[in-house]
Structures are given as C-alpha cells and as structure tokens.
>>> print(open('target12.pdb').read())   # PDB, C-alpha atoms and all ligand atoms
ATOM      1  CA  MET A   1      80.246 118.633 119.273  1.00  0.00           C
ATOM      2  CA  LYS A   2      76.844 118.617 117.698  1.00  0.00           C
ATOM      3  CA  LYS A   3      76.714 117.709 114.018  1.00  0.00           C
ATOM      4  CA  ILE A   4      75.073 120.147 111.611  1.00  0.00           C
ATOM      5  CA  ALA A   5      74.856 119.602 107.845  1.00  0.00           C
ATOM      6  CA  LEU A   6      74.937 122.461 105.335  1.00  0.00           C
ATOM      7  CA  ARG A   7      72.836 121.808 102.245  1.00  0.00           C
ATOM      8  CA  ILE A   8      72.360 123.822  99.040  1.00  0.00           C
ATOM      9  CA  ASP A   9      69.544 122.913  96.627  1.00  0.00           C
ATOM     10  CA  ASP A  10      68.381 123.697  93.100  1.00  0.00           C
ATOM     11  CA  ILE A  11      71.755 123.433  91.374  1.00  0.00           C
ATOM     12  CA  GLY A  12      70.975 122.839  87.684  1.00  0.00           C
ATOM     13  CA  ALA A  13      67.207 123.190  88.157  1.00  0.00           C
ATOM     14  CA  SER A  14      65.342 125.065  85.417  1.00  0.00           C
ATOM     15  CA  SER A  15      62.763 126.084  88.031  1.00  0.00           C
ATOM     16  CA  LYS A  16      65.013 129.103  88.612  1.00  0.00           C
ATOM     17  CA  LYS A  17      63.956 130.274  85.161  1.00  0.00           C
ATOM     18  CA  TYR A  18      60.330 129.168  85.030  1.00  0.00           C
ATOM     19  CA  GLU A  19      59.013 129.218  88.593  1.00  0.00           C
ATOM     20  CA  VAL A  20      57.536 132.699  88.639  1.00  0.00           C
ATOM     21  CA  TYR A  21      54.981 133.868  91.151  1.00  0.00           C
ATOM     22  CA  SER A  22      54.232 136.528  93.716  1.00  0.00           C
ATOM     23  CA  ASN A  23      53.276 136.227  97.381  1.00  0.00           C
ATOM     24  CA  TYR A  24      51.365 139.484  97.147  1.00  0.00           C
ATOM     25  CA  PRO A  25      47.640 139.295  96.462  1.00  0.00           C
ATOM     26  CA  PHE A  26      46.702 140.355  92.922  1.00  0.00           C
ATOM     27  CA  CYS A  27      50.337 140.494  91.819  1.00  0.00           C
ATOM     28  CA  ASN A  28      50.438 137.296  89.747  1.00  0.00           C
ATOM     29  CA  PHE A  29      49.250 139.373  86.830  1.00  0.00           C
ATOM     30  CA  LEU A  30      51.389 139.201  83.664  1.00  0.00           C
ATOM     31  CA  PHE A  31      54.763 140.963  84.159  1.00  0.00           C
ATOM     32  CA  ILE A  32      54.191 142.179  87.750  1.00  0.00           C
ATOM     33  CA  LYS A  33      55.398 138.906  89.271  1.00  0.00           C
ATOM     34  CA  TYR A  34      58.795 139.321  87.537  1.00  0.00           C
ATOM     35  CA  ILE A  35      59.596 142.527  89.426  1.00  0.00           C
ATOM     36  CA  TYR A  36      60.863 142.963  92.998  1.00  0.00           C
ATOM     37  CA  PRO A  37      59.312 143.374  95.557  1.00  0.00           C
ATOM     38  CA  PHE A  38      56.393 141.464  94.007  1.00  0.00           C
ATOM     39  CA  LYS A  39      58.579 138.684  92.628  1.00  0.00           C
ATOM     40  CA  ALA A  40      58.929 135.723  95.031  1.00  0.00           C
ATOM     41  CA  TRP A  41      61.158 133.233  93.188  1.00  0.00           C
ATOM     42  CA  GLY A  42      62.580 133.234  89.645  1.00  0.00           C
ATOM     43  CA  PRO A  43      64.031 134.082  87.292  1.00  0.00           C
ATOM     44  CA  TYR A  44      67.683 134.137  88.407  1.00  0.00           C
ATOM     45  CA  ASN A  45      70.886 132.658  86.956  1.00  0.00           C
ATOM     46  CA  GLU A  46      72.905 129.539  87.717  1.00  0.00           C
ATOM     47  CA  LEU A  47      75.964 129.928  89.982  1.00  0.00           C
ATOM     48  CA  THR A  48      79.124 130.464  87.911  1.00  0.00           C
ATOM     49  CA  GLU A  49      82.469 128.708  88.252  1.00  0.00           C
ATOM     50  CA  ASP A  50      83.939 131.752  90.055  1.00  0.00           C
ATOM     51  CA  GLU A  51      81.017 131.885  92.465  1.00  0.00           C
ATOM     52  CA  TRP A  52      81.548 128.216  93.317  1.00  0.00           C
ATOM     53  CA  LYS A  53      85.205 128.995  94.045  1.00  0.00           C
ATOM     54  CA  LYS A  54      84.057 131.648  96.532  1.00  0.00           C
ATOM     55  CA  ILE A  55      81.792 129.082  98.215  1.00  0.00           C
ATOM     56  CA  PHE A  56      84.655 126.572  98.418  1.00  0.00           C
ATOM     57  CA  ASP A  57      86.918 129.225 100.001  1.00  0.00           C
ATOM     58  CA  ILE A  58      84.314 129.824 102.724  1.00  0.00           C
ATOM     59  CA  LEU A  59      83.982 126.069 103.346  1.00  0.00           C
ATOM     60  CA  VAL A  60      87.753 125.619 103.659  1.00  0.00           C
ATOM     61  CA  LYS A  61      88.047 128.657 105.950  1.00  0.00           C
ATOM     62  CA  TYR A  62      85.615 127.160 108.468  1.00  0.00           C
ATOM     63  CA  ASN A  63      86.459 123.482 107.923  1.00  0.00           C
ATOM     64  CA  ALA A  64      82.912 122.889 106.700  1.00  0.00           C
ATOM     65  CA  LYS A  65      81.376 120.338 104.328  1.00  0.00           C
ATOM     66  CA  LEU A  66      78.485 121.046 101.966  1.00  0.00           C
ATOM     67  CA  THR A  67      75.864 118.688 100.530  1.00  0.00           C
ATOM     68  CA  VAL A  68      74.898 119.831  97.024  1.00  0.00           C
ATOM     69  CA  GLY A  69      71.451 118.918  95.667  1.00  0.00           C
ATOM     70  CA  ILE A  70      71.690 118.597  91.886  1.00  0.00           C
ATOM     71  CA  THR A  71      68.654 118.522  89.611  1.00  0.00           C
ATOM     72  CA  SER A  72      70.029 116.346  86.839  1.00  0.00           C
ATOM     73  CA  SER A  73      68.106 117.642  83.794  1.00  0.00           C
ATOM     74  CA  TRP A  74      67.463 121.189  82.589  1.00  0.00           C
ATOM     75  CA  VAL A  75      63.966 121.380  81.083  1.00  0.00           C
ATOM     76  CA  THR A  76      63.535 123.618  78.036  1.00  0.00           C
ATOM     77  CA  GLU A  77      60.406 125.451  76.889  1.00  0.00           C
ATOM     78  CA  LYS A  78      59.817 122.618  74.399  1.00  0.00           C
ATOM     79  CA  ASN A  79      60.038 119.916  77.110  1.00  0.00           C
ATOM     80  CA  GLU A  80      63.516 118.843  75.988  1.00  0.00           C
ATOM     81  CA  LEU A  81      65.815 117.580  78.758  1.00  0.00           C
ATOM     82  CA  ILE A  82      69.523 118.517  78.869  1.00  0.00           C
ATOM     83  CA  PRO A  83      71.819 116.647  81.310  1.00  0.00           C
ATOM     84  CA  PHE A  84      73.408 118.905  83.967  1.00  0.00           C
ATOM     85  CA  TYR A  85      76.955 118.245  82.745  1.00  0.00           C
ATOM     86  CA  GLU A  86      76.047 119.298  79.184  1.00  0.00           C
ATOM     87  CA  LYS A  87      74.061 122.389  80.160  1.00  0.00           C
ATOM     88  CA  PHE A  88      76.677 123.592  82.693  1.00  0.00           C
ATOM     89  CA  PRO A  89      80.006 121.955  81.725  1.00  0.00           C
ATOM     90  CA  ASN A  90      82.284 124.328  83.698  1.00  0.00           C
ATOM     91  CA  GLN A  91      80.294 124.123  86.918  1.00  0.00           C
ATOM     92  CA  SER A  92      79.945 120.351  86.636  1.00  0.00           C
ATOM     93  CA  GLU A  93      83.712 119.975  86.287  1.00  0.00           C
ATOM     94  CA  ILE A  94      84.524 122.120  89.308  1.00  0.00           C
ATOM     95  CA  LEU A  95      81.841 120.341  91.392  1.00  0.00           C
ATOM     96  CA  LYS A  96      83.157 116.938  90.379  1.00  0.00           C
ATOM     97  CA  ASN A  97      86.633 117.931  91.565  1.00  0.00           C
ATOM     98  CA  ALA A  98      85.293 119.296  94.856  1.00  0.00           C
ATOM     99  CA  GLN A  99      83.477 116.004  95.375  1.00  0.00           C
ATOM    100  CA  LYS A 100      86.722 114.081  94.769  1.00  0.00           C
ATOM    101  CA  ASN A 101      88.493 116.337  97.287  1.00  0.00           C
ATOM    102  CA  GLY A 102      85.873 115.605  99.943  1.00  0.00           C
ATOM    103  CA  LEU A 103      84.667 119.213 100.210  1.00  0.00           C
ATOM    104  CA  ILE A 104      81.164 118.559  98.908  1.00  0.00           C
ATOM    105  CA  ASP A 105      78.831 115.589  98.609  1.00  0.00           C
ATOM    106  CA  ILE A 106      76.537 115.475  95.606  1.00  0.00           C
ATOM    107  CA  ALA A 107      72.942 114.405  96.207  1.00  0.00           C
ATOM    108  CA  ASN A 108      69.994 113.802  93.881  1.00  0.00           C
ATOM    109  CA  HIS A 109      67.555 116.750  93.885  1.00  0.00           C
ATOM    110  CA  GLY A 110      65.246 115.240  91.273  1.00  0.00           C
ATOM    111  CA  ASN A 111      65.515 114.909  87.529  1.00  0.00           C
ATOM    112  CA  LEU A 112      63.260 117.853  86.565  1.00  0.00           C
ATOM    113  CA  HIS A 113      62.223 119.687  89.778  1.00  0.00           C
ATOM    114  CA  CYS A 114      58.867 120.165  88.053  1.00  0.00           C
ATOM    115  CA  VAL A 115      55.955 118.408  86.423  1.00  0.00           C
ATOM    116  CA  LEU A 116      57.034 118.087  82.783  1.00  0.00           C
ATOM    117  CA  GLY A 117      54.875 120.158  80.457  1.00  0.00           C
ATOM    118  CA  LYS A 118      53.417 122.230  83.297  1.00  0.00           C
ATOM    119  CA  HIS A 119      56.566 124.194  84.103  1.00  0.00           C
ATOM    120  CA  LEU A 120      56.134 127.357  82.044  1.00  0.00           C
ATOM    121  CA  PRO A 121      54.963 130.590  83.707  1.00  0.00           C
ATOM    122  CA  LEU A 122      51.220 131.178  83.717  1.00  0.00           C
ATOM    123  CA  PRO A 123      49.874 134.595  82.639  1.00  0.00           C
ATOM    124  CA  PHE A 124      47.479 135.171  85.533  1.00  0.00           C
ATOM    125  CA  SER A 125      48.479 132.844  88.370  1.00  0.00           C
ATOM    126  CA  SER A 126      51.319 131.196  90.269  1.00  0.00           C
ATOM    127  CA  ASN A 127      52.896 128.015  88.837  1.00  0.00           C
ATOM    128  CA  ARG A 128      54.620 127.095  92.126  1.00  0.00           C
ATOM    129  CA  LYS A 129      52.740 123.830  92.588  1.00  0.00           C
ATOM    130  CA  TYR A 130      54.106 122.547  89.272  1.00  0.00           C
ATOM    131  CA  HIS A 131      57.680 123.134  90.446  1.00  0.00           C
ATOM    132  CA  ARG A 132      57.604 120.045  92.600  1.00  0.00           C
ATOM    133  CA  GLU A 133      58.458 116.721  90.969  1.00  0.00           C
ATOM    134  CA  PHE A 134      57.229 113.804  93.079  1.00  0.00           C
ATOM    135  CA  TRP A 135      53.524 114.455  93.666  1.00  0.00           C
ATOM    136  CA  ASP A 136      51.598 111.419  94.840  1.00  0.00           C
ATOM    137  CA  TYR A 137      48.906 112.059  92.202  1.00  0.00           C
ATOM    138  CA  LEU A 138      51.423 111.237  89.456  1.00  0.00           C
ATOM    139  CA  GLU A 139      51.580 107.618  88.247  1.00  0.00           C
ATOM    140  CA  TYR A 140      54.191 105.355  89.845  1.00  0.00           C
ATOM    141  CA  ASP A 141      55.882 105.154  86.410  1.00  0.00           C
ATOM    142  CA  VAL A 142      56.640 108.893  86.504  1.00  0.00           C
ATOM    143  CA  HIS A 143      58.414 108.556  89.862  1.00  0.00           C
ATOM    144  CA  ASP A 144      60.286 105.500  88.568  1.00  0.00           C
ATOM    145  CA  LYS A 145      61.323 107.044  85.240  1.00  0.00           C
ATOM    146  CA  ASN A 146      62.470 110.323  86.804  1.00  0.00           C
ATOM    147  CA  LEU A 147      64.590 108.591  89.441  1.00  0.00           C
ATOM    148  CA  LYS A 148      66.025 106.114  86.953  1.00  0.00           C
ATOM    149  CA  ASN A 149      66.999 108.892  84.522  1.00  0.00           C
ATOM    150  CA  SER A 150      68.428 111.180  87.185  1.00  0.00           C
ATOM    151  CA  GLN A 151      70.548 108.446  88.753  1.00  0.00           C
ATOM    152  CA  ASN A 152      71.809 107.440  85.288  1.00  0.00           C
ATOM    153  CA  ILE A 153      72.773 111.027  84.447  1.00  0.00           C
ATOM    154  CA  LEU A 154      74.568 111.471  87.781  1.00  0.00           C
ATOM    155  CA  ASN A 155      76.320 108.143  87.224  1.00  0.00           C
ATOM    156  CA  ASN A 156      77.450 109.186  83.713  1.00  0.00           C
ATOM    157  CA  TRP A 157      78.846 112.383  85.162  1.00  0.00           C
ATOM    158  CA  LEU A 158      80.388 111.201  88.454  1.00  0.00           C
ATOM    159  CA  GLY A 159      80.990 107.513  87.838  1.00  0.00           C
ATOM    160  CA  TYR A 160      78.677 106.416  90.649  1.00  0.00           C
ATOM    161  CA  LYS A 161      75.074 106.812  91.771  1.00  0.00           C
ATOM    162  CA  PRO A 162      74.524 109.098  94.776  1.00  0.00           C
ATOM    163  CA  THR A 163      72.768 107.463  97.746  1.00  0.00           C
ATOM    164  CA  LEU A 164      70.956 110.561  99.034  1.00  0.00           C
ATOM    165  CA  LEU A 165      67.703 111.934  97.595  1.00  0.00           C
ATOM    166  CA  ILE A 166      66.486 115.426  98.518  1.00  0.00           C
ATOM    167  CA  PRO A 167      62.918 115.591  97.147  1.00  0.00           C
ATOM    168  CA  PRO A 168      62.245 119.023  95.564  1.00  0.00           C
ATOM    169  CA  GLY A 169      60.049 121.137  97.838  1.00  0.00           C
ATOM    170  CA  ASN A 170      59.934 118.282 100.402  1.00  0.00           C
ATOM    171  CA  VAL A 171      57.229 116.651  98.257  1.00  0.00           C
ATOM    172  CA  TYR A 172      57.383 112.870  97.841  1.00  0.00           C
ATOM    173  CA  SER A 173      55.329 109.765  98.540  1.00  0.00           C
ATOM    174  CA  ILE A 174      55.609 106.017  99.001  1.00  0.00           C
ATOM    175  CA  LYS A 175      55.760 105.755  95.196  1.00  0.00           C
ATOM    176  CA  THR A 176      58.943 107.861  95.260  1.00  0.00           C
ATOM    177  CA  VAL A 177      60.460 105.752  98.021  1.00  0.00           C
ATOM    178  CA  LYS A 178      59.743 102.452  96.248  1.00  0.00           C
ATOM    179  CA  ALA A 179      61.258 103.741  93.006  1.00  0.00           C
ATOM    180  CA  ALA A 180      64.255 105.304  94.777  1.00  0.00           C
ATOM    181  CA  LEU A 181      65.157 101.958  96.350  1.00  0.00           C
ATOM    182  CA  LYS A 182      65.463 100.452  92.853  1.00  0.00           C
ATOM    183  CA  TYR A 183      68.115 102.984  91.862  1.00  0.00           C
ATOM    184  CA  SER A 184      70.634 102.892  94.731  1.00  0.00           C
ATOM    185  CA  ILE A 185      69.048 105.594  96.919  1.00  0.00           C
ATOM    186  CA  GLU A 186      69.585 104.715 100.608  1.00  0.00           C
ATOM    187  CA  TYR A 187      68.629 107.982 102.347  1.00  0.00           C
ATOM    188  CA  ILE A 188      66.012 110.677 101.933  1.00  0.00           C
ATOM    189  CA  ASN A 189      66.492 114.082 103.538  1.00  0.00           C
ATOM    190  CA  SER A 190      63.306 116.065 104.096  1.00  0.00           C
ATOM    191  CA  TYR A 191      61.337 117.688 106.907  1.00  0.00           C
ATOM    192  CA  ASN A 192      58.440 115.633 105.604  1.00  0.00           C
ATOM    193  CA  THR A 193      59.212 112.194 107.058  1.00  0.00           C
ATOM    194  CA  ILE A 194      57.302 109.240 105.637  1.00  0.00           C
ATOM    195  CA  PRO A 195      58.105 106.109 107.667  1.00  0.00           C
ATOM    196  CA  TYR A 196      59.100 103.224 105.424  1.00  0.00           C
ATOM    197  CA  GLN A 197      61.311 100.278 106.174  1.00  0.00           C
ATOM    198  CA  ARG A 198      64.491  99.766 104.156  1.00  0.00           C
ATOM    199  CA  ILE A 199      65.085 103.482 103.610  1.00  0.00           C
ATOM    200  CA  LYS A 200      66.538 105.906 106.119  1.00  0.00           C
ATOM    201  CA  ILE A 201      64.741 109.229 106.394  1.00  0.00           C
ATOM    202  CA  ILE A 202      66.930 112.043 107.712  1.00  0.00           C
ATOM    203  CA  ASN A 203      64.813 114.938 108.997  1.00  0.00           C
ATOM    204  CA  ASN A 204      65.854 118.581 108.843  1.00  0.00           C
ATOM    205  CA  ASN A 205      66.434 119.095 112.587  1.00  0.00           C
ATOM    206  CA  ASN A 206      70.199 119.309 112.129  1.00  0.00           C
ATOM    207  CA  VAL A 207      70.254 120.573 108.544  1.00  0.00           C
ATOM    208  CA  PHE A 208      70.914 124.170 107.512  1.00  0.00           C
ATOM    209  CA  ALA A 209      69.224 124.152 104.104  1.00  0.00           C
ATOM    210  CA  PHE A 210      69.373 127.005 101.620  1.00  0.00           C
ATOM    211  CA  HIS A 211      69.128 127.585  97.869  1.00  0.00           C
ATOM    212  CA  ASP A 212      71.477 128.955  95.218  1.00  0.00           C
ATOM    213  CA  LYS A 213      68.923 131.758  95.056  1.00  0.00           C
ATOM    214  CA  ASP A 214      69.867 132.819  98.617  1.00  0.00           C
ATOM    215  CA  ILE A 215      73.408 133.523  97.430  1.00  0.00           C
ATOM    216  CA  LYS A 216      72.715 134.532  93.856  1.00  0.00           C
ATOM    217  CA  ALA A 217      69.672 136.732  94.142  1.00  0.00           C
ATOM    218  CA  ILE A 218      68.959 137.633  97.763  1.00  0.00           C
ATOM    219  CA  ASN A 219      71.670 137.620 100.432  1.00  0.00           C
ATOM    220  CA  GLY A 220      75.044 137.154  98.740  1.00  0.00           C
ATOM    221  CA  PHE A 221      78.337 135.669  99.931  1.00  0.00           C
ATOM    222  CA  SER A 222      78.609 137.753 103.101  1.00  0.00           C
ATOM    223  CA  TRP A 223      75.347 136.149 104.291  1.00  0.00           C
ATOM    224  CA  LEU A 224      76.768 132.679 103.598  1.00  0.00           C
ATOM    225  CA  ASN A 225      80.058 133.496 105.310  1.00  0.00           C
ATOM    226  CA  LYS A 226      78.305 134.933 108.368  1.00  0.00           C
ATOM    227  CA  ASN A 227      76.053 131.877 108.794  1.00  0.00           C
ATOM    228  CA  ILE A 228      78.782 129.285 108.314  1.00  0.00           C
ATOM    229  CA  LYS A 229      81.108 131.184 110.654  1.00  0.00           C
ATOM    230  CA  LYS A 230      78.425 131.221 113.351  1.00  0.00           C
ATOM    231  CA  LEU A 231      77.528 127.541 112.904  1.00  0.00           C
ATOM    232  CA  ALA A 232      81.179 126.472 112.888  1.00  0.00           C
ATOM    233  CA  GLN A 233      81.788 128.006 116.323  1.00  0.00           C
ATOM    234  CA  SER A 234      79.874 125.315 118.193  1.00  0.00           C
ATOM    235  CA  ASN A 235      79.149 122.549 115.679  1.00  0.00           C
ATOM    236  CA  ASP A 236      80.867 119.985 113.531  1.00  0.00           C
ATOM    237  CA  LEU A 237      79.786 120.847 109.943  1.00  0.00           C
ATOM    238  CA  VAL A 238      79.280 117.503 108.217  1.00  0.00           C
ATOM    239  CA  PHE A 239      77.498 116.036 105.184  1.00  0.00           C
ATOM    240  CA  VAL A 240      73.777 115.253 105.372  1.00  0.00           C
ATOM    241  CA  LYS A 241      74.513 111.535 105.012  1.00  0.00           C
ATOM    242  CA  ASP A 242      76.730 111.769 108.144  1.00  0.00           C
ATOM    243  CA  LEU A 243      73.580 112.560 110.144  1.00  0.00           C
ATOM    244  CA  GLN A 244      72.149 109.087 109.559  1.00  0.00           C
ATOM    245  CA  HIS A 245      73.008 107.884 113.055  1.00  0.00           C
ATOM    246  CA  GLU A 246      71.893 111.035 114.870  1.00  0.00           C
TER     247      GLU A 246
HETATM  248 ZN    ZN B   1      64.557 122.620  95.152  1.00  0.00          ZN
END
>>> encode(input="target12.pdb", output="structure tokens", more="lines below")
Ligand SMILES: [Zn+2]
Amino acid sequence: MKKIALRIDDIGASSKKYEVYSNYPFCNFLFIKYIYPFKAWGPYNELTEDEWKKIFDILVKYNAKLTVGITSSWVTEKNELIPFYEKFPNQSEILKNAQKNGLIDIANHGNLHCVLGKHLPLPFSSNRKYHREFWDYLEYDVHDKNLKNSQNILNNWLGYKPTLLIPPGNVYSIKTVKAALKYSIEYINSYNTIPYQRIKIINNNNVFAFHDKDIKAINGFSWLNKNIKKLAQSNDLVFVKDLQHE
C-alpha cells in the first residue's frame, strides 16, 4: 500500500492570534479583516484537551498516525516568549502521552512562527509575510538562535530533541539547514525542496498537510473524519519521517 503521512501544523503558534489579513482587495482596513468573509486567517483559539481527544479517537478508528508540528514559543504583544508546555500545560501533557503511545510524532514547527517584533496586526495592511520565521534575509544568527531555543524547549518538555523540522509557511534557506544540523534535525518536510547534503528533504507529494485552523475555525471534526476515512481506504497512514525512503 502507498504510504501517506497526515500532518497538522501551527500547534502552539501565536500566529493564530496575530496573523490577521484579508484576501479581498481593500479589506485590510482596520477591523474589516477580523470579520468573515473578509478575514483570511486569525484570530482563532488553540485546540483544547477535549478536541485533541476527538482527534485521537479518529486516528485510532482508522489506524492512522499523525505528525504534529509544534511551534515551541508563544510570542506575546511585548515580545516575551512563553514555552509551549507553560502556555498550554493540559494540551502538552495529552500530546506527550500520545507521543509515548505511538499515535503521534512531534515535529519542530519553528520557535516563533514569525519575525519577532513584527508580528502584531497592522492597521492598514496584511502582516502575513511576518508570520514566517526563517527568511533568508535574516542573519544566520537568528536562524541558529531560533532553532537552538526551540529544540531546547522541546527537549525540556519531551526529554529528547525531535529530528523533523517543518519550516513555517515552507520558508527556509541554507542558513536554516546549516543551523538545523547543529541541533539534531535530520529531516525537513516542505514542498520547497532545497538540495543540501547531510539533510534529508521530504517533499509534500505524499503528505496530507492541514492546520489546527482547519478543524477549529473552518471545517470541523466531520471534515477531518471524512478525509482520514477516505485516505485510509487505500493507503498506509504513517508519520512524515516514515516517508524518508519513498
Ligand atoms: Zn505554520
């Protein structure tokens, strides 16, 4: 059977609060971009413990695995950083247990998901471009510091450093790759594939990627159930890191 990996991103990312923009022309004006149908992204809330339990039930029902992209620090309005396990203690506990049980695999989805200090909503325009973390125009030290801090936070929480990096918004560069190699990252999953020896790039050909927003704010659990059910009929639903030899 073909292998397909399910992947959810943006867990713990404060971009869900601050990334506010509209895809409609002239609708990035003040409050308009906060209202559906003009609103294109945030704000929406973090998945709760009970909502995670519903996701786990769906995974068990279809014998599926899920790779979970965690953004390790919540960024506040004052540029303070709060580790995921302190900001969301209940969710982090239930995720840690699911990881131990082999139901999910936790991956690094950046430390901030944004450019620090540029993350707050703008009154008259979109701030989407600042809700990517690993832009090539940033100094190498920023890539290095963010990866070092995120891997340390994940290690404090889980007791090990994840080996998979999912760059936020598929944005990363050679600077990111060089820094990632220093902090135990072995694989990068992105549709943007930068060839570089010593690191394995897993493209998105066999990845079904979605966001917490798809469940929380747009499509709900029936959408998730329907998609996983359909995929499970003719595929083996594995972790992203299991696609490394595909
Ligand atoms: Zn993301």
>>> resolve_selection(input="target12.pdb", expression="the PyMOL selection byres (((chain A and resi 200) around 10) and not hetatm)", output="JSON, numbers by chain")
{"A": [164, 185, 186, 187, 188, 189, 193, 194, 195, 196, 197, 198, 199, 201, 202, 203, 241, 244, 245]}
>>> residues_near_ligand(input="target12.pdb", ligand="ligand ZN 1 (chain B)", cutoff="7 Å", atoms="only C-alpha atoms and all ligand atoms", output="number ranges by chain")
A: 9-10, 109, 113, 168-169
>>> residues_around(input="target12.pdb", residues="Asn205 in chain A", least_positions_apart="3", cutoff="12 Å", atoms="all atoms listed in the file", output="ChimeraX atom specification")
/A:2-6,189-193,201-202,208-209,240,243-244,246
>>> closest_residue(input="target12.pdb", among="A:Lys216, A:Lys182, A:Lys78, A:Arg7", to="Leu59 in chain A", atoms="only C-alpha atoms")
A:Arg7
>>> residues_around(input="target12.pdb", residues="range 133-142 of chain A", least_positions_apart="3", cutoff="7 Å", atoms="all atoms listed in the file", output="ChimeraX atom specification")
/A:110,112-115,145-146,168,171-173,175-176
>>> residues_around(input="target12.pdb", residues="Glu86 in chain A", least_positions_apart="4", cutoff="10 Å", atoms="all atoms listed in the file", output="JSON, numbers by chain")
{"A": [73, 74, 82, 90, 92, 157]}
>>> residues_near_point(input="target12.pdb", point="(82.4, 122.6, 111.5)", cutoff="10 Å", atoms="all atoms listed in the file", output="PyMOL selection string")
chain A and resi 1-6+59-65+228-238
>>> write_last_selection(input="target12.pdb", atoms="C-alpha atoms", output="JSON list (two decimals), in the coordinates of the input")
[["chain", "number", "residue", "atom", "x", "y", "z"],
["A", 1, "MET", "CA", 80.25, 118.63, 119.27],
["A", 2, "LYS", "CA", 76.84, 118.62, 117.70],
["A", 3, "LYS", "CA", 76.71, 117.71, 114.02],
["A", 4, "ILE", "CA", 75.07, 120.15, 111.61],
["A", 5, "ALA", "CA", 74.86, 119.60, 107.84],
["A", 6, "LEU", "CA", 74.94, 122.46, 105.34],
["A", 59, "LEU", "CA", 83.98, 126.07, 103.35],
["A", 60, "VAL", "CA", 87.75, 125.62, 103.66],
["A", 61, "LYS", "CA", 88.05, 128.66, 105.95],
["A", 62, "TYR", "CA", 85.62, 127.16, 108.47],
["A", 63, "ASN", "CA", 86.46, 123.48, 107.92],
["A", 64, "ALA", "CA", 82.91, 122.89, 106.70],
["A", 65, "LYS", "CA", 81.38, 120.34, 104.33],
["A", 228, "ILE", "CA", 78.78, 129.28, 108.31],
["A", 229, "LYS", "CA", 81.11, 131.18, 110.65],
["A", 230, "LYS", "CA", 78.42, 131.22, 113.35],
["A", 231, "LEU", "CA", 77.53, 127.54, 112.90],
["A", 232, "ALA", "CA", 81.18, 126.47, 112.89],
["A", 233, "GLN", "CA", 81.79, 128.01, 116.32],
["A", 234, "SER", "CA", 79.87, 125.32, 118.19],
["A", 235, "ASN", "CA", 79.15, 122.55, 115.68],
["A", 236, "ASP", "CA", 80.87, 119.98, 113.53],
["A", 237, "LEU", "CA", 79.79, 120.85, 109.94],
["A", 238, "VAL", "CA", 79.28, 117.50, 108.22]]
>>> closest_residue(input="target12.pdb", among="A:Lys148, A:Lys87, A:His211, A:His119", to="His131 in chain A", atoms="only C-alpha atoms")
A:His119
>>> residues_around(input="target12.pdb", residues="Glu51 in chain A", least_positions_apart="3", cutoff="12 Å", atoms="all atoms listed in the file", output="list in words")
Asn45, Glu46, Leu47, Thr48, Lys54, Ile55, Phe56, Asp57, Ile58, Asn90, Gln91, Ile94, Leu95, Asp212, Ile215, Lys216, Gly220, Phe221 and Leu224 of chain A
>>> atom_distance(input="target12.pdb", atom1="CA of Gly69 in chain A", atom2="CA of Ala107 in chain A")
4.8 Å
>>> atom_distance(input="target12.pdb", atom1="CA of Ser125 in chain A", atom2="CA of Val75 in chain A")
20.6 Å
